[in-house]
file upload-v9.tsv (TSV, C-alpha atoms)
chain	number	residue	atom	x	y	z
X	30	MET	CA	-5.46	14.28	-51.34
X	31	PHE	CA	-1.64	14.32	-51.05
X	32	LYS	CA	-0.32	13.43	-54.50
X	33	SER	CA	3.11	15.06	-54.17
X	34	ILE	CA	4.93	14.83	-50.83
X	35	LEU	CA	8.26	16.50	-50.11
X	36	VAL	CA	10.48	15.14	-47.32
X	37	PRO	CA	13.46	17.33	-46.42
X	38	LEU	CA	16.12	15.39	-44.55
X	39	ASP	CA	19.55	15.87	-43.09
X	40	LEU	CA	21.92	13.08	-44.12
X	41	ALA	CA	24.09	13.93	-41.12
X	42	ASP	CA	21.25	12.79	-38.82
X	43	THR	CA	19.42	9.97	-40.59
X	44	ASP	CA	17.81	8.75	-37.34
X	45	LEU	CA	15.90	12.02	-37.18
X	46	ALA	CA	14.61	11.42	-40.73
X	47	LYS	CA	13.12	7.97	-40.04
X	48	PRO	CA	9.73	9.15	-38.69
X	49	ALA	CA	9.22	11.60	-41.58
X	50	ILE	CA	10.11	9.00	-44.21
X	51	ALA	CA	7.81	6.41	-42.64
X	52	THR	CA	4.95	8.92	-42.40
X	53	ALA	CA	5.41	10.09	-46.00
X	54	ALA	CA	5.54	6.48	-47.22
X	55	THR	CA	2.26	5.68	-45.49
X	56	LEU	CA	0.53	8.81	-46.76
X	57	SER	CA	1.78	8.33	-50.31
X	58	GLN	CA	0.45	4.78	-50.39
X	59	THR	CA	-2.89	5.88	-48.96
X	60	TRP	CA	-3.29	8.59	-51.62
X	61	SER	CA	-1.30	6.89	-54.45
X	62	GLY	CA	1.12	9.78	-54.37
X	63	THR	CA	4.82	10.39	-54.94
X	64	VAL	CA	7.57	11.17	-52.46
X	65	ARG	CA	10.51	13.47	-53.13
X	66	LEU	CA	13.43	13.29	-50.67
X	67	LEU	CA	15.40	16.52	-50.40
X	68	ASN	CA	18.82	17.13	-48.91
X	69	VAL	CA	19.93	20.75	-48.63
X	70	LEU	CA	23.62	21.55	-48.43
X	71	PRO	CA	24.52	24.92	-46.92
X	72	MET	CA	26.79	27.19	-48.92
X	73	THR	CA	30.34	27.59	-47.65
X	74	PRO	CA	30.57	30.87	-45.71
X	75	VAL	CA	32.69	33.49	-47.49
X	76	MET	CA	35.03	33.86	-44.51
X	77	LEU	CA	35.91	30.13	-44.75
X	78	ALA	CA	36.25	30.00	-48.53
X	79	GLU	CA	39.99	30.64	-48.51
X	80	TYR	CA	40.56	27.61	-46.25
X	81	VAL	CA	38.79	25.02	-48.39
X	82	PRO	CA	39.48	23.78	-51.95
X	83	ALA	CA	37.97	25.84	-54.76
X	84	ASP	CA	35.64	22.99	-55.70
X	85	PHE	CA	34.57	22.25	-52.09
X	86	ASP	CA	30.86	22.99	-52.67
X	87	LEU	CA	30.83	20.74	-55.74
X	88	GLN	CA	32.60	17.95	-53.81
X	89	GLN	CA	30.05	18.23	-51.00
X	90	ARG	CA	27.17	18.04	-53.46
X	91	LEU	CA	28.58	15.00	-55.27
X	92	THR	CA	29.21	13.25	-51.96
X	93	SER	CA	25.66	14.01	-50.81
X	94	GLU	CA	24.14	12.79	-54.06
X	95	GLY	CA	26.04	9.54	-53.64
X	96	LYS	CA	24.73	8.92	-50.12
X	97	ARG	CA	21.75	6.64	-49.67
X	98	LEU	CA	19.76	5.92	-46.57
X	99	PRO	CA	20.62	2.46	-45.25
X	100	SER	CA	18.03	-0.17	-46.10
X	101	SER	CA	17.25	-0.57	-42.41
X	102	HIS	CA	15.51	2.84	-42.43
X	103	ALA	CA	12.40	1.55	-44.11
X	104	ASN	CA	10.73	-1.65	-45.10
X	105	PRO	CA	10.95	-1.80	-48.94
X	106	ALA	CA	7.39	-3.15	-49.08
X	107	SER	CA	6.15	-0.03	-47.31
X	108	MET	CA	8.02	2.43	-49.54
X	109	PRO	CA	6.02	4.35	-52.14
X	110	ARG	CA	6.20	3.24	-55.75
X	111	ALA	CA	7.19	6.69	-56.99
X	112	ILE	CA	10.10	8.01	-54.99
X	113	SER	CA	12.80	10.41	-56.12
X	114	SER	CA	15.55	12.43	-54.51
X	115	VAL	CA	17.31	15.70	-55.10
X	116	VAL	CA	20.15	17.70	-53.57
X	117	ARG	CA	19.96	21.47	-53.46
X	118	GLN	CA	22.45	23.98	-52.12
X	119	GLY	CA	21.65	27.17	-50.26
X	120	GLY	CA	19.63	28.29	-47.27
X	121	ILE	CA	17.78	25.34	-45.77
X	122	TYR	CA	14.24	26.66	-45.41
X	123	HIS	CA	14.51	28.70	-48.62
X	124	GLU	CA	15.54	25.64	-50.65
X	125	ILE	CA	12.80	23.52	-49.05
X	126	LEU	CA	10.19	26.09	-50.08
X	127	GLU	CA	11.69	26.39	-53.58
X	128	GLU	CA	11.64	22.61	-54.10
X	129	ALA	CA	8.07	22.39	-52.81
X	130	ALA	CA	7.03	25.01	-55.36
X	131	ALA	CA	9.02	23.33	-58.15
X	132	ILE	CA	7.32	19.95	-57.68
X	133	LYS	CA	3.95	21.48	-56.75
X	134	ALA	CA	3.98	19.66	-53.43
X	135	ASP	CA	0.67	19.12	-51.65
X	136	LEU	CA	2.43	18.31	-48.40
X	137	ILE	CA	5.82	18.75	-46.75
X	138	VAL	CA	6.61	16.12	-44.11
X	139	MET	CA	9.57	17.01	-41.94
X	140	THR	CA	10.98	16.23	-38.55
X	141	SER	CA	12.04	18.75	-35.98
X	142	HIS	CA	14.06	18.63	-32.81
X	143	ARG	CA	12.21	19.29	-29.61
X	144	PRO	CA	11.85	23.04	-29.16
X	145	ALA	CA	14.47	24.75	-27.05
X	146	MET	CA	14.54	28.25	-25.67
X	147	ARG	CA	16.81	29.43	-28.50
X	148	THR	CA	14.31	28.35	-31.18
X	149	TYR	CA	11.59	30.50	-29.62
X	150	PHE	CA	13.71	33.58	-30.22
X	151	LEU	CA	15.59	32.71	-33.42
X	152	GLY	CA	13.11	30.42	-35.13
X	153	SER	CA	13.97	27.10	-36.68
X	154	ASN	CA	14.00	25.83	-40.24
X	155	ALA	CA	10.83	23.87	-39.53
X	156	GLY	CA	9.23	27.02	-38.13
X	157	HIS	CA	10.06	29.01	-41.25
X	158	VAL	CA	8.72	26.26	-43.49
X	159	VAL	CA	5.48	26.05	-41.50
X	160	ARG	CA	5.01	29.83	-41.69
X	161	TYR	CA	5.83	30.35	-45.37
X	162	ALA	CA	4.91	27.15	-47.22
X	163	LYS	CA	2.07	27.42	-49.70
X	164	CYS	CA	1.05	23.82	-48.99
X	165	SER	CA	0.27	21.81	-45.86
X	166	VAL	CA	3.19	20.98	-43.57
X	167	LEU	CA	3.30	18.04	-41.18
X	168	VAL	CA	6.00	18.26	-38.51
X	169	VAL	CA	6.75	14.83	-37.06
X	170	ARG	CA	8.45	14.82	-33.67
X	171	HIS	CA	11.29	12.36	-33.12
call {"tool": "encode", "arguments": {"input": "upload-v9.tsv", "output": "structure tokens"}}
result
Amino acid sequence: MFKSILVPLDLADTDLAKPAIATAATLSQTWSGTVRLLNVLPMTPVMLAEYVPADFDLQQRLTSEGKRLPSSHANPASMPRAISSVVRQGGIYHEILEEAAAIKADLIVMTSHRPAMRTYFLGSNAGHVVRYAKCSVLVVRH
């Protein structure tokens, strides 16, 4: 049923990613599917551009691509056979939706912080993904 699973994660908060990775691993094994890990780097705001090196965005991307989740995040025996990762740069929910379309994802598994009053008014990245994704979305609470 779920042959292609996308898992967006924030490398700055790997503890939050653990439940989504574990859930995606289980589902991918159940359905003999693949898992794609996605890290989205925000673009440097224009008003800050003069204060950072010209190649700051490139440096951030290379650093992110070099990061790996520590082995303690998942049992290697429980990880899916087909797992890949990608780093994109741009708006978080936009890039998640773009990557889901690019890999023809059947499911997006993502974590979300507990809702707060501000997210009811502004919306969250998870909320945008749930509303606009063309595939199923599973939001795993931490």
call {"tool": "closest_residue", "arguments": {"input": "upload-v9.tsv", "among": "X:Ala46, X:Val115, X:Leu35, X:Ala51", "to": "Ala162 of chain X", "atoms": "all atoms listed in the file"}}
result
X:Leu35
call {"tool": "closest_residue", "arguments": {"input": "upload-v9.tsv", "among": "X:Asn68, X:Thr63, X:Ser165, X:Thr43", "to": "Val116 of chain X", "atoms": "all atoms listed in the file"}}
result
X:Asn68
call {"tool": "atom_distance", "arguments": {"input": "upload-v9.tsv", "atom1": "atom CA of Pro37 of chain X", "atom2": "atom CA of Ala111 of chain X"}}
result
16.3 Å
call {"tool": "residues_around", "arguments": {"input": "upload-v9.tsv", "residues": "Val166 of chain X", "least_positions_apart": "6", "cutoff": "12 Å", "atoms": "all atoms listed in the file", "output": "PyMOL selection string"}}
result
chain X and resi 31+34-37+49+53+125-126+129+134-141+155-160
call {"tool": "atom_distance", "arguments": {"input": "upload-v9.tsv", "atom1": "atom CA of Lys133 of chain X", "atom2": "atom CA of Ala41 of chain X"}}
result
26.6 Å
call {"tool": "residues_around", "arguments": {"input": "upload-v9.tsv", "residues": "segment 57-62 of chain X", "least_positions_apart": "3", "cutoff": "7 Å", "atoms": "all atoms listed in the file", "output": "VMD selection string"}}
result
chain X and resid 30 to 33 53 to 54 109
call {"tool": "atom_distance", "arguments": {"input": "upload-v9.tsv", "atom1": "atom CA of Asp42 of chain X", "atom2": "atom CA of Thr55 of chain X"}}
result
21.3 Å
call {"tool": "residues_near_point", "arguments": {"input": "upload-v9.tsv", "point": "(19.1, 27.3, -49.7)", "cutoff": "12 Å", "atoms": "only C-alpha atoms", "output": "ChimeraX atom specification"}}
result
/X:37,67-73,116-128,154
